[in-house]
Structures are given as structure tokens and as C-alpha cells.
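model.pdb follows (PDB, C-alpha atoms):
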MODEL        1
ATOM      1  CA  MET A   1       0.000   0.000   0.000
ATOM      2  CA  ARG A   2       0.966   3.670  -0.221
ATOM      3  CA  GLY A   3       1.645   5.661   2.927
ATOM      4  CA  ALA A   4       3.304   8.839   4.174
ATOM      5  CA  VAL A   5       6.736   8.608   5.786
ATOM      6  CA  LEU A   6       8.724  11.454   7.350
ATOM      7  CA  HIS A   7      12.419  10.938   6.564
ATOM      8  CA  ALA A   8      13.782  14.195   7.967
ATOM      9  CA  PRO A   9      12.413  17.600   8.967
ATOM     10  CA  GLY A  10      10.457  18.946   6.005
ATOM     11  CA  ASP A  11      10.874  15.712   4.044
ATOM     12  CA  VAL A  12       7.561  13.838   3.738
ATOM     13  CA  ARG A  13       7.372  11.132   1.080
ATOM     14  CA  VAL A  14       4.491   8.905   0.039
ATOM     15  CA  GLU A  15       5.962   5.509  -0.662
ATOM     16  CA  ASN A  16       5.224   1.805  -0.639
ATOM     17  CA  ARG A  17       4.654   0.341   2.801
ATOM     18  CA  ASP A  18       3.763  -3.173   3.889
ATOM     19  CA  ASP A  19       0.057  -3.919   3.806
ATOM     20  CA  PRO A  20      -1.320  -4.206   7.340
ATOM     21  CA  ARG A  21      -2.600  -7.601   8.443
ATOM     22  CA  ILE A  22      -4.301  -9.130  11.444
ATOM     23  CA  GLU A  23      -1.569  -9.706  14.041
ATOM     24  CA  GLN A  24      -3.670 -10.224  17.163
ATOM     25  CA  PRO A  25      -7.156 -11.738  17.452
ATOM     26  CA  THR A  26      -8.394  -8.359  18.731
ATOM     27  CA  ASP A  27      -7.230  -6.468  15.604
ATOM     28  CA  ALA A  28      -9.182  -5.067  12.691
ATOM     29  CA  VAL A  29      -7.906  -3.856   9.325
ATOM     30  CA  ILE A  30      -9.738  -0.946   7.740
ATOM     31  CA  ARG A  31      -9.629   0.586   4.280
ATOM     32  CA  LEU A  32      -9.263   4.294   4.899
ATOM     33  CA  SER A  33     -11.892   6.619   3.454
ATOM     34  CA  ALA A  34     -10.066   9.739   4.639
ATOM     35  CA  THR A  35      -7.161  10.730   6.829
ATOM     36  CA  CYS A  36      -5.444  14.032   7.561
ATOM     37  CA  VAL A  37      -2.481  16.009   8.822
ATOM     38  CA  CYS A  38      -2.563  17.034  12.485
ATOM     39  CA  GLY A  39      -1.005  20.095  14.037
ATOM     40  CA  SER A  40       0.980  17.758  16.276
ATOM     41  CA  ASP A  41       2.487  16.196  13.122
ATOM     42  CA  LEU A  42       4.203  19.535  12.550
ATOM     43  CA  TRP A  43       6.410  19.135  15.630
ATOM     44  CA  PRO A  44       8.600  16.432  14.014
ATOM     45  CA  TYR A  45       8.086  17.992  10.572
ATOM     46  CA  ARG A  46       9.663  21.208  11.902
ATOM     47  CA  GLY A  47      12.434  19.335  13.671
ATOM     48  CA  ILE A  48      11.247  20.294  17.158
ATOM     49  CA  GLN A  49      10.477  16.664  17.972
ATOM     50  CA  LYS A  50      13.597  14.684  17.085
ATOM     51  CA  LEU A  51      13.526  11.737  14.686
ATOM     52  CA  ASP A  52      15.446   8.512  15.234
ATOM     53  CA  GLY A  53      14.901   7.511  11.613
ATOM     54  CA  PRO A  54      12.108   7.422   9.025
ATOM     55  CA  MET A  55       8.721   7.641  10.752
ATOM     56  CA  VAL A  56       5.298   6.591   9.441
ATOM     57  CA  MET A  57       2.825   9.425   9.835
ATOM     58  CA  GLY A  58      -0.792   9.904  10.826
ATOM     59  CA  HIS A  59      -3.119   9.026  13.700
ATOM     60  CA  GLU A  60      -6.562  10.240  12.544
ATOM     61  CA  TYR A  61      -8.729   7.924  10.513
ATOM     62  CA  VAL A  62     -12.133   6.792   9.309
ATOM     63  CA  GLY A  63     -12.862   3.957   6.957
ATOM     64  CA  VAL A  64     -14.562   0.693   6.169
ATOM     65  CA  VAL A  65     -13.703  -2.519   7.982
ATOM     66  CA  GLU A  66     -12.001  -5.027   5.684
ATOM     67  CA  GLU A  67     -11.121  -7.824   8.098
ATOM     68  CA  VAL A  68     -11.379  -8.570  11.825
ATOM     69  CA  GLY A  69      -9.554 -10.910  14.176
ATOM     70  CA  SER A  70     -11.181 -13.991  15.660
ATOM     71  CA  GLU A  71     -12.039 -12.282  18.972
ATOM     72  CA  VAL A  72     -13.585  -9.115  17.515
ATOM     73  CA  THR A  73     -17.347  -8.986  18.024
ATOM     74  CA  GLY A  74     -18.192  -5.259  18.060
ATOM     75  CA  VAL A  75     -17.512  -4.415  14.420
ATOM     76  CA  ARG A  76     -17.710  -6.411  11.223
ATOM     77  CA  PRO A  77     -16.468  -6.131   7.635
ATOM     78  CA  GLY A  78     -18.357  -3.559   5.574
ATOM     79  CA  GLN A  79     -19.083  -1.185   8.459
ATOM     80  CA  PHE A  80     -17.911   2.432   8.397
ATOM     81  CA  VAL A  81     -15.989   3.149  11.586
ATOM     82  CA  VAL A  82     -14.337   5.992  13.474
ATOM     83  CA  GLY A  83     -11.483   5.427  15.887
ATOM     84  CA  SER A  84      -9.391   7.425  18.314
ATOM     85  CA  PHE A  85      -5.703   8.253  18.057
ATOM     86  CA  TRP A  86      -5.239   5.959  21.060
ATOM     87  CA  ALA A  87      -6.312   2.341  20.759
ATOM     88  CA  SER A  88      -7.861   1.210  24.040
ATOM     89  CA  ASP A  89      -9.661  -1.845  25.365
ATOM     90  CA  ASN A  90     -12.421   0.407  26.826
ATOM     91  CA  THR A  91     -12.865  -2.103  29.663
ATOM     92  CA  CYS A  92      -9.965  -1.532  32.073
ATOM     93  CA  GLU A  93     -10.494   0.484  35.243
ATOM     94  CA  ILE A  94      -8.934   3.611  33.742
ATOM     95  CA  CYS A  95     -11.076   3.351  30.604
ATOM     96  CA  ARG A  96     -14.228   2.903  32.657
ATOM     97  CA  ALA A  97     -13.360   6.126  34.469
ATOM     98  CA  GLY A  98     -13.371   7.882  31.070
ATOM     99  CA  TYR A  99      -9.635   8.137  30.403
ATOM    100  CA  GLN A 100      -9.139   5.737  27.519
ATOM    101  CA  SER A 101      -6.025   7.645  26.434
ATOM    102  CA  ALA A 102      -4.370   6.175  29.552
ATOM    103  CA  CYS A 103      -5.747   2.650  29.049
ATOM    104  CA  VAL A 104      -3.467   0.056  30.638
ATOM    105  CA  HIS A 105      -3.267  -1.662  27.220
ATOM    106  CA  ARG A 106      -3.220   1.470  25.075
ATOM    107  CA  VAL A 107      -1.519   1.603  21.691
ATOM    108  CA  VAL A 108      -0.350   4.851  20.073
ATOM    109  CA  MET A 109      -1.988   4.852  16.646
ATOM    110  CA  GLY A 110       0.642   7.246  15.313
ATOM    111  CA  GLU A 111       3.135   4.389  15.449
ATOM    112  CA  LEU A 112       0.984   2.539  12.893
ATOM    113  CA  GLY A 113       0.640   5.491  10.502
ATOM    114  CA  SER A 114      -2.880   6.307   9.319
ATOM    115  CA  GLN A 115      -1.807   8.550   6.431
ATOM    116  CA  ALA A 116      -2.073   5.523   4.193
ATOM    117  CA  GLU A 117      -4.505   3.380   2.237
ATOM    118  CA  TYR A 118      -5.078   0.776   4.956
ATOM    119  CA  LEU A 119      -4.625   0.655   8.726
ATOM    120  CA  ARG A 120      -4.415  -2.026  11.387
ATOM    121  CA  VAL A 121      -6.403  -1.039  14.466
ATOM    122  CA  PRO A 122      -5.503  -2.918  17.662
ATOM    123  CA  LEU A 123      -8.135  -3.492  20.349
ATOM    124  CA  ALA A 124     -10.805  -2.981  17.722
ATOM    125  CA  ASP A 125     -13.796  -3.616  19.962
ATOM    126  CA  GLY A 126     -12.703  -0.928  22.402
ATOM    127  CA  THR A 127     -11.389   1.546  19.848
ATOM    128  CA  LEU A 128     -13.761   1.594  16.876
ATOM    129  CA  VAL A 129     -17.292   2.974  16.777
ATOM    130  CA  ALA A 130     -19.468   2.152  13.766
ATOM    131  CA  THR A 131     -22.047   4.414  12.156
ATOM    132  CA  PRO A 132     -25.547   2.970  11.632
ATOM    133  CA  GLU A 133     -24.854   2.867   7.893
ATOM    134  CA  VAL A 134     -22.135   4.010   5.520
ATOM    135  CA  PRO A 135     -22.480   7.802   5.608
ATOM    136  CA  SER A 136     -22.897  10.125   2.674
ATOM    137  CA  ALA A 137     -19.662  11.585   1.355
ATOM    138  CA  ASP A 138     -20.312  15.057   2.768
ATOM    139  CA  LEU A 139     -20.312  13.699   6.340
ATOM    140  CA  VAL A 140     -16.964  11.918   6.070
ATOM    141  CA  PRO A 141     -14.841  15.018   6.924
ATOM    142  CA  SER A 142     -16.852  15.608  10.083
ATOM    143  CA  TYR A 143     -16.522  11.987  11.185
ATOM    144  CA  LEU A 144     -12.782  12.287  10.510
ATOM    145  CA  ALA A 145     -12.635  15.381  12.728
ATOM    146  CA  ALA A 146     -14.227  13.321  15.515
ATOM    147  CA  SER A 147     -11.238  10.967  15.426
ATOM    148  CA  ASP A 148      -9.030  13.608  17.036
ATOM    149  CA  VAL A 149      -9.482  17.365  16.750
ATOM    150  CA  LEU A 150     -13.187  17.484  17.599
ATOM    151  CA  GLY A 151     -12.785  15.009  20.457
ATOM    152  CA  THR A 152      -9.706  16.869  21.671
ATOM    153  CA  GLY A 153     -11.402  20.259  21.517
ATOM    154  CA  TRP A 154     -14.422  18.788  23.294
ATOM    155  CA  PHE A 155     -12.253  17.311  26.052
ATOM    156  CA  ALA A 156     -10.492  20.664  26.453
ATOM    157  CA  ALA A 157     -13.822  22.433  26.910
ATOM    158  CA  VAL A 158     -15.031  19.782  29.366
ATOM    159  CA  ALA A 159     -11.744  19.925  31.294
ATOM    160  CA  ALA A 160     -12.142  23.708  31.469
ATOM    161  CA  GLU A 161     -15.690  23.147  32.779
ATOM    162  CA  ALA A 162     -17.295  25.196  30.023
ATOM    163  CA  GLY A 163     -21.038  25.413  30.504
ATOM    164  CA  PRO A 164     -24.089  27.615  31.028
ATOM    165  CA  GLY A 165     -23.333  31.025  32.447
ATOM    166  CA  LYS A 166     -19.606  30.657  31.814
ATOM    167  CA  THR A 167     -17.206  32.853  29.866
ATOM    168  CA  VAL A 168     -14.774  30.671  27.915
ATOM    169  CA  ALA A 169     -11.530  31.874  26.339
ATOM    170  CA  VAL A 170      -9.704  29.744  23.763
ATOM    171  CA  VAL A 171      -5.946  30.137  23.280
ATOM    172  CA  GLY A 172      -5.027  28.747  19.863
ATOM    173  CA  ASP A 173      -6.840  29.088  16.533
ATOM    174  CA  GLY A 174      -5.854  25.804  14.919
ATOM    175  CA  ALA A 175      -8.370  23.035  14.331
ATOM    176  CA  VAL A 176      -8.447  22.001  18.005
ATOM    177  CA  GLY A 177      -8.949  25.542  19.235
ATOM    178  CA  LEU A 178     -11.680  26.217  16.700
ATOM    179  CA  LEU A 179     -13.478  23.031  17.647
ATOM    180  CA  ALA A 180     -13.119  23.890  21.326
ATOM    181  CA  VAL A 181     -15.154  26.979  20.426
ATOM    182  CA  LEU A 182     -17.783  24.726  18.841
ATOM    183  CA  ALA A 183     -17.724  22.463  21.915
ATOM    184  CA  ALA A 184     -18.093  25.370  24.319
ATOM    185  CA  ARG A 185     -21.131  26.550  22.383
ATOM    186  CA  GLN A 186     -22.675  23.071  22.448
ATOM    187  CA  LEU A 187     -21.994  22.843  26.174
ATOM    188  CA  GLY A 188     -23.965  26.042  26.696
ATOM    189  CA  ALA A 189     -21.281  28.652  27.377
ATOM    190  CA  GLU A 190     -22.667  32.163  27.554
ATOM    191  CA  ARG A 191     -19.659  33.983  26.130
ATOM    192  CA  ILE A 192     -16.809  32.541  24.042
ATOM    193  CA  ILE A 193     -13.650  34.521  23.361
ATOM    194  CA  ALA A 194     -11.480  33.226  20.527
ATOM    195  CA  MET A 195      -7.878  34.419  20.415
ATOM    196  CA  SER A 196      -6.819  34.690  16.774
ATOM    197  CA  ARG A 197      -4.906  36.961  14.420
ATOM    198  CA  HIS A 198      -6.048  35.288  11.204
ATOM    199  CA  GLU A 199      -9.150  36.573   9.453
ATOM    200  CA  SER A 200     -10.246  33.216   7.969
ATOM    201  CA  ARG A 201      -9.920  31.525  11.348
ATOM    202  CA  GLN A 202     -11.716  34.361  13.102
ATOM    203  CA  LYS A 203     -14.583  33.961  10.658
ATOM    204  CA  LEU A 204     -14.863  30.233  11.308
ATOM    205  CA  ALA A 205     -14.601  30.780  15.057
ATOM    206  CA  ARG A 206     -17.579  33.138  14.917
ATOM    207  CA  GLU A 207     -19.536  30.667  12.813
ATOM    208  CA  PHE A 208     -18.770  27.967  15.414
ATOM    209  CA  GLY A 209     -20.066  30.203  18.211
ATOM    210  CA  ALA A 210     -17.421  32.729  19.293
ATOM    211  CA  THR A 211     -18.914  35.955  20.606
ATOM    212  CA  ASP A 212     -15.650  37.907  20.812
ATOM    213  CA  ILE A 213     -12.293  37.906  19.028
ATOM    214  CA  VAL A 214      -9.032  38.934  20.724
ATOM    215  CA  THR A 215      -6.069  39.491  18.414
ATOM    216  CA  GLU A 216      -3.455  40.302  21.052
ATOM    217  CA  ARG A 217      -1.076  37.657  22.422
ATOM    218  CA  GLY A 218       0.896  37.162  25.618
ATOM    219  CA  GLU A 219       0.325  39.621  28.423
ATOM    220  CA  GLU A 220      -1.447  42.008  26.024
ATOM    221  CA  GLY A 221      -3.894  39.213  25.286
ATOM    222  CA  VAL A 222      -4.319  38.566  29.002
ATOM    223  CA  ALA A 223      -5.073  42.240  29.609
ATOM    224  CA  ARG A 224      -7.676  42.196  26.847
ATOM    225  CA  ILE A 225      -9.376  39.116  28.339
ATOM    226  CA  ARG A 226      -9.496  40.801  31.715
ATOM    227  CA  ASP A 227     -10.910  43.973  30.145
ATOM    228  CA  LEU A 228     -13.734  41.859  28.733
ATOM    229  CA  THR A 229     -14.435  40.165  32.078
ATOM    230  CA  ASN A 230     -14.568  43.056  34.532
ATOM    231  CA  GLY A 231     -10.942  42.520  35.470
ATOM    232  CA  LEU A 232     -11.548  38.980  36.733
ATOM    233  CA  GLY A 233     -10.552  36.717  33.875
ATOM    234  CA  ALA A 234     -12.538  33.948  32.173
ATOM    235  CA  HIS A 235     -14.222  31.137  34.082
ATOM    236  CA  SER A 236     -12.905  28.567  31.608
ATOM    237  CA  VAL A 237      -9.824  28.729  29.379
ATOM    238  CA  VAL A 238      -8.730  26.247  26.723
ATOM    239  CA  GLU A 239      -5.007  25.974  25.917
ATOM    240  CA  ALA A 240      -4.607  24.386  22.479
ATOM    241  CA  VAL A 241      -1.043  25.222  21.428
ATOM    242  CA  GLY A 242       1.512  23.674  23.768
ATOM    243  CA  THR A 243       4.137  26.417  24.227
ATOM    244  CA  GLN A 244       5.307  28.240  27.328
ATOM    245  CA  GLU A 245       3.726  31.471  26.105
ATOM    246  CA  SER A 246       0.352  29.888  25.351
ATOM    247  CA  MET A 247       0.205  28.032  28.676
ATOM    248  CA  MET A 248       0.988  31.110  30.741
ATOM    249  CA  GLN A 249      -1.394  33.184  28.636
ATOM    250  CA  ALA A 250      -4.094  30.642  29.466
ATOM    251  CA  VAL A 251      -3.306  30.559  33.192
ATOM    252  CA  HIS A 252      -3.135  34.339  33.470
ATOM    253  CA  SER A 253      -6.429  34.720  31.577
ATOM    254  CA  THR A 254      -8.272  32.547  34.115
ATOM    255  CA  ARG A 255      -9.998  33.986  37.146
ATOM    256  CA  ALA A 256      -9.315  32.664  40.634
ATOM    257  CA  GLY A 257     -11.273  29.439  41.010
ATOM    258  CA  GLY A 258     -11.489  29.021  37.233
ATOM    259  CA  HIS A 259     -10.380  26.091  35.120
ATOM    260  CA  VAL A 260      -7.797  25.614  32.362
ATOM    261  CA  GLY A 261      -8.229  22.685  29.988
ATOM    262  CA  PHE A 262      -4.888  22.095  28.262
ATOM    263  CA  VAL A 263      -4.553  19.827  25.245
ATOM    264  CA  GLY A 264      -1.716  21.365  23.243
ATOM    265  CA  VAL A 265       1.147  18.852  23.102
ATOM    266  CA  THR A 266       3.572  20.585  25.444
ATOM    267  CA  HIS A 267       7.129  21.425  24.417
ATOM    268  CA  ASP A 268       9.470  22.943  27.012
ATOM    269  CA  VAL A 269       6.592  24.137  29.200
ATOM    270  CA  SER A 270       7.354  24.735  32.877
ATOM    271  CA  LEU A 271       4.959  26.082  35.481
ATOM    272  CA  PRO A 272       6.237  28.506  38.139
ATOM    273  CA  GLY A 273       5.252  26.914  41.424
ATOM    274  CA  LEU A 274       4.662  29.973  43.589
ATOM    275  CA  GLU A 275       2.714  31.741  40.849
ATOM    276  CA  MET A 276       0.519  28.686  40.369
ATOM    277  CA  PHE A 277       0.017  28.412  44.118
ATOM    278  CA  PHE A 278      -1.406  31.904  44.388
ATOM    279  CA  SER A 279      -3.398  31.772  41.133
ATOM    280  CA  LEU A 280      -6.062  29.445  42.598
ATOM    281  CA  VAL A 281      -6.544  28.083  39.083
ATOM    282  CA  HIS A 282      -7.465  24.466  38.308
ATOM    283  CA  LEU A 283      -5.417  22.710  35.604
ATOM    284  CA  HIS A 284      -6.632  19.586  33.841
ATOM    285  CA  GLY A 285      -5.718  18.163  30.469
ATOM    286  CA  GLY A 286      -3.373  15.948  28.522
ATOM    287  CA  PRO A 287      -3.971  13.503  25.660
ATOM    288  CA  ALA A 288      -7.696  13.601  25.015
ATOM    289  CA  PRO A 289      -9.736  10.475  25.809
ATOM    290  CA  VAL A 290     -11.564  10.833  22.510
ATOM    291  CA  ARG A 291     -13.202   7.410  22.856
ATOM    292  CA  ARG A 292     -15.220   8.716  25.834
ATOM    293  CA  PHE A 293     -16.952  11.247  23.619
ATOM    294  CA  LEU A 294     -17.127   9.440  20.270
ATOM    295  CA  PRO A 295     -20.655   7.975  20.468
ATOM    296  CA  HIS A 296     -22.195  11.336  21.398
ATOM    297  CA  LEU A 297     -20.148  13.305  18.886
ATOM    298  CA  MET A 298     -20.986  10.857  16.118
ATOM    299  CA  GLU A 299     -24.689  11.259  16.900
ATOM    300  CA  LEU A 300     -24.376  15.048  16.669
ATOM    301  CA  ILE A 301     -22.599  14.679  13.323
ATOM    302  CA  GLY A 302     -25.006  12.077  11.988
ATOM    303  CA  ASP A 303     -28.077  14.204  12.706
ATOM    304  CA  ARG A 304     -26.219  17.279  11.356
ATOM    305  CA  THR A 305     -26.373  19.233  14.602
ATOM    306  CA  ILE A 306     -22.689  20.080  14.170
ATOM    307  CA  ASP A 307     -20.393  20.302  11.143
ATOM    308  CA  PRO A 308     -16.829  20.078  12.473
ATOM    309  CA  GLY A 309     -15.502  18.993   9.078
ATOM    310  CA  ARG A 310     -15.397  22.652   8.099
ATOM    311  CA  VAL A 311     -11.961  22.899   9.732
ATOM    312  CA  PHE A 312     -10.622  21.067   6.670
ATOM    313  CA  ASP A 313      -9.897  23.910   4.290
ATOM    314  CA  LEU A 314      -7.551  21.949   2.032
ATOM    315  CA  GLU A 315      -8.247  18.545   0.489
ATOM    316  CA  LEU A 316      -5.588  16.627  -1.417
ATOM    317  CA  PRO A 317      -4.970  13.104  -2.657
ATOM    318  CA  LEU A 318      -2.706  11.088  -0.373
ATOM    319  CA  GLU A 319       0.076  11.254  -2.964
ATOM    320  CA  GLN A 320       0.292  15.023  -2.341
ATOM    321  CA  ALA A 321       0.699  14.703   1.436
ATOM    322  CA  ALA A 322       3.934  16.714   1.325
ATOM    323  CA  GLU A 323       2.031  19.745   0.024
ATOM    324  CA  GLY A 324      -0.542  19.281   2.785
ATOM    325  CA  TYR A 325       2.238  19.511   5.363
ATOM    326  CA  ARG A 326       3.758  22.566   3.695
ATOM    327  CA  ALA A 327       0.417  24.356   3.590
ATOM    328  CA  MET A 328      -0.188  23.817   7.290
ATOM    329  CA  ASP A 329       3.395  24.664   8.231
ATOM    330  CA  GLU A 330       3.101  27.948   6.320
ATOM    331  CA  ARG A 331      -0.379  28.583   7.794
ATOM    332  CA  ARG A 332      -1.948  28.553   4.336
ATOM    333  CA  ALA A 333      -4.318  25.864   5.621
ATOM    334  CA  ILE A 334      -5.977  25.194   8.964
ATOM    335  CA  LYS A 335      -6.071  21.438   8.398
ATOM    336  CA  THR A 336      -5.389  19.196   5.413
ATOM    337  CA  LEU A 337      -7.648  16.265   4.565
ATOM    338  CA  LEU A 338      -6.028  13.480   2.553
ATOM    339  CA  ARG A 339      -7.948  11.076   0.334
ATOM    340  CA  PRO A 340      -6.220   7.679  -0.128
TER
ENDMDL
END
Show the structure stored in the file as C-alpha cells.
Amino acid sequence: MRGAVLHAPGDVRVENRDDPRIEQPTDAVIRLSATCVCGSDLWPYRGIQKLDGPMVMGHEYVGVVEEVGSEVTGVRPGQFVVGSFWASDNTCEICRAGYQSACVHRVVMGELGSQAEYLRVPLADGTLVATPEVPSADLVPSYLAASDVLGTGWFAAVAAEAGPGKTVAVVGDGAVGLLAVLAARQLGAERIIAMSRHESRQKLAREFGATDIVTERGEEGVARIRDLTNGLGAHSVVEAVGTQESMMQAVHSTRAGGHVGFVGVTHDVSLPGLEMFFSLVHLHGGPAPVRRFLPHLMELIGDRTIDPGRVFDLELPLEQAAEGYRAMDERRAIKTLLRP
């Protein structure tokens, strides 16, 4: 099969890879209908996350089941399925508590590389959720978003305790941040402040439910948030970038007693202990347990209550994956969808 491989920073190639096969009785193999490039893929692409050698790419996926192992009972060949970027058994004690991304048997799907034509999914019964029927083509991008960025944005909003009567601020205007805006709106937030300097992203944020746009960053951005909240800060703040500046911007934008939901993959972030002590801010986040939210999110997509697939503003054939990476790296695209 064909699949994307990162050989060095900035060097993505689509090349022949071994076809996946059933290796464990709990596996499934799916034929991918769509996959995509994630903002977190840009860390190794930019050389910030070091490579030990060529690396298969991709962890977001939807497709049709081709084959299942002998112990798989929850999905069957021919079904359209959505899975998380963590494979999980969905039965261990941690999974039952709603944190499937920390499953005791978890598998990192990025190590299997979903930017390809086919994908082996371990722990298929716990990982994959099937739609009632094969969806129409226009719904596929939204189901693909549910595999990661929608579920991650939703978890960030939940971790930040977004809800009725709350003011929510979102730091980061990539796909996750934009979908955190959508999630906050669905969760009933009264006011949603999107922090963005890019007109196209501001427009989508407003369409997803943002009530205010803040263009400033850093401490200027913090001051603007406080101006909008009677000097107190937001009740709920989503951090969807993963840098020192974005994390401290999020913490400083949160009122005492408020909550920060952080889902940006952190790089060289350190929290000053005494400052955190006196902030009285709650911090919760990490790798999103997307599987917890998938059934509900897929219902909202299926009945067309939400349309998260709009974050894909560039669609390319898999063979042009390198251009998809370049476009996102250069901020010419919010998120690239790839068609195998």
C-alpha cells in the first residue's frame, strides 16, 4: 500500500509500505476513506520533535472494515468506523473512568501510521465505533474530525468546565482551538472569546459560536481578556497550542477558582510553582480520551447538529501529502484532509 513517511524535517514522502494484516485476534484492518495532517504532526516535521529515523505518519482515521480478528465482536467487515488516536480496550479500570487515552493496554496509533490506504487497528472492539450505515460523502470530513481534533477540543472544553453562564476563552486558533469553540457553544457557554490573528480563522470561530475575538497575544492578550471580564478573567480557558507562552497566557487569563483545559502537546513548558500556588486556578488536560466522547459526537454529526468537518480547508490526494504539510506549516491551511 501507499503511505506517508517522514524521513527528515520537512521531508515527507508517500511511498510503498507493507500492507497491514491481522496480528492479534483483537485487531481489525480498515480501508481508509479519509485521513489528515494534524497540528501535532508539525512538531517532528519542523524538527522540534527529534527523529530517530524514518517515521510513518498519521493518527486520525475513518474507513470501512475489511477484516477482523477472531475475537472481535463489536464491528464487522463492511461497516464504516471511526477510531481514536489511542487504541484502548475500553474495559480496564482507567477506561471505565473515562480516560481511555491512559488505558493500561493502550496503543499509540501514530506508530501505525494512518496517512495511508489501509490501517491495522488494535483493540478494535474498544477503539472503533461504527455508524448505523455508511455515511454520505459530505459527512466523512466531520466523522474524521471526531477521530481527534473534535474530540480533543471537546475534552479541552469539558476539562475547562465550560457550561451555562460561563465565559470561555480559547488560546489557539488551529483546528483544536476552533473546535473547542464549537464544543463550548454546544456545552452552553454564555460567552466565548477566541484568540486569533487570522481573518479566515476568526470567521470560522464566529460561525462555530465565538462571541468575541481577541487578536493580542501574551500579556497584552491577558489584559484584553481581563478587560472583557470586569478585570476577573474567564471562568474557563482552553489551551490548544503547547508552548510556554500559550500556557501562561491561558493561566493568566483565568480567574481565581477558574479552570484551564490544556490539550496542546507541550514542548518545554514549565509552570512557576509559587505563581501557580497563588493563582487558585485548576489545571486539567493531557492527551484527550476521545473514545469517551465518540458515540455522542458521532450522533451530533449524523443528525447534522454540528459540522466540524469545516476545519478542513484543504483537500488533497494522499500522494500530495507533502504539500498538505507545507500548507499547514506555512499557515496557508488550517487542516489538510487526505484522500487515499
Kindly assemble as CSV a list of the stretch 65-129 of chain A residues that lie within 10 Å of stretch 280-297 of chain A, each paired with its nearest atom pair and their distance in Å to one decimal, using only C-alpha atoms, sorted first by chain and then by ascending residue number.
residue,atom,partner,partner_atom,distance
A:Val82,CA,A:Leu294,CA,8.1
A:Gly83,CA,A:Arg291,CA,7.4
A:Ser84,CA,A:Val290,CA,5.8
A:Phe85,CA,A:Val290,CA,7.8
A:Trp86,CA,A:Pro289,CA,7.9
A:Ala87,CA,A:Arg291,CA,8.8
A:Ser88,CA,A:Arg291,CA,8.3
A:Asn90,CA,A:Arg291,CA,8.1
A:Cys95,CA,A:Arg292,CA,8.3
A:Arg96,CA,A:Arg292,CA,9.0
A:Ala97,CA,A:Arg292,CA,9.2
A:Gly98,CA,A:Arg292,CA,5.6
A:Tyr99,CA,A:Pro289,CA,5.2
A:Gln100,CA,A:Pro289,CA,5.1
A:Ser101,CA,A:Pro289,CA,4.7
A:Ala102,CA,A:Pro289,CA,7.8
A:Cys103,CA,A:Pro289,CA,9.4
A:Gly126,CA,A:Arg291,CA,8.4
A:Thr127,CA,A:Arg291,CA,6.8
A:Leu128,CA,A:Arg291,CA,8.4
A:Val129,CA,A:Pro295,CA,7.1
Report the centre and edge lengths, in Å to one decimal, of an axis-aligned box enclosing every atom of stretch 271-278 of chain A listed in the file, padded by 6 Å on each side, as JSON.
{"center_x": 2.4, "center_y": 29.0, "center_z": 39.9, "size_x": 19.6, "size_y": 17.8, "size_z": 20.9}
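The closest residue to A:Ala160, picked from A:Ser136, A:Ser246, A:Ser236, A:Gln186 and counting only C-alpha atoms, is A:Ser236.
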- Quick one: which residues end up in the PyMOL selection byres ((chain A and resi 11-17) around 12) for this structure, as a VMD selection string? chain A and resid 1 to 10 18 to 20 37 41 to 42 44 to 47 51 53 to 58 112 to 119 317 to 326 338 340
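The result of the PyMOL selection byres ((chain A and resi 336) around 6) on the shown file is Cys36, Val37, Phe312, Leu314, Glu315, Gly324, Lys335 and Leu337 of chain A.
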- Message: Quick one: residues within 10 Å of A:Trp43, only C-alpha atoms, excluding same-chain residues fewer than 6 positions away - as a ChimeraX atom specification?
- Response: /A:9,49-50,265,267,329
Just the selected residues (C-alpha atoms), exported as a CSV table (one decimal), keeping the file's coordinate frame, please.
chain,number,residue,atom,x,y,z
A,9,PRO,CA,12.4,17.6,9.0
A,49,GLN,CA,10.5,16.7,18.0
A,50,LYS,CA,13.6,14.7,17.1
A,265,VAL,CA,1.1,18.9,23.1
A,267,HIS,CA,7.1,21.4,24.4
A,329,ASP,CA,3.4,24.7,8.2
- Contacts of A:Gly302 at 12 Å (all atoms listed in the file; same-chain gap of 2+ positions) as a PyMOL selection string: chain A and resi 130-143+146+294-300+304-308
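Shortest atom-to-atom contact with A:Ala205 among A:Arg76, A:Arg21, A:Arg339, A:Arg310: A:Arg310, counting all atoms listed in the file.
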For the PyMOL selection byres ((chain A and resi 270) around 10), applied here, can you spell out every residue it catches as a PDB file with C-alpha atoms, in the coordinates of the input?
ATOM      1  CA  THR A 243       4.137  26.417  24.227  1.00  0.00           C
ATOM      2  CA  GLN A 244       5.307  28.240  27.328  1.00  0.00           C
ATOM      3  CA  MET A 247       0.205  28.032  28.676  1.00  0.00           C
ATOM      4  CA  MET A 248       0.988  31.110  30.741  1.00  0.00           C
ATOM      5  CA  THR A 266       3.572  20.585  25.444  1.00  0.00           C
ATOM      6  CA  HIS A 267       7.129  21.425  24.417  1.00  0.00           C
ATOM      7  CA  ASP A 268       9.470  22.943  27.012  1.00  0.00           C
ATOM      8  CA  VAL A 269       6.592  24.137  29.200  1.00  0.00           C
ATOM      9  CA  LEU A 271       4.959  26.082  35.481  1.00  0.00           C
ATOM     10  CA  PRO A 272       6.237  28.506  38.139  1.00  0.00           C
ATOM     11  CA  GLY A 273       5.252  26.914  41.424  1.00  0.00           C
TER      12      GLY A 273
END
- Item | Protein and nucleic acid residues near (-15.1, 26.1, 23.3) (cut-off 8 Å, only C-alpha atoms) as a list of chain:residue names |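 Within 8 Å of (-15.1, 26.1, 23.3), the protein and nucleic acid residues are A:Gly153, A:Trp154, A:Ala156, A:Ala157, A:Ala162, A:Val168, A:Ala169, A:Val170, A:Gly177, A:Leu178, A:Leu179, A:Ala180, A:Val181, A:Leu182, A:Ala183, A:Ala184, A:Arg185, A:Ala189, A:Ile192, A:Val238.
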- Within 10 Å of A:Gly221 using all atoms listed in the file, minus same-chain residues under 4 positions, as a count of residues only: 13
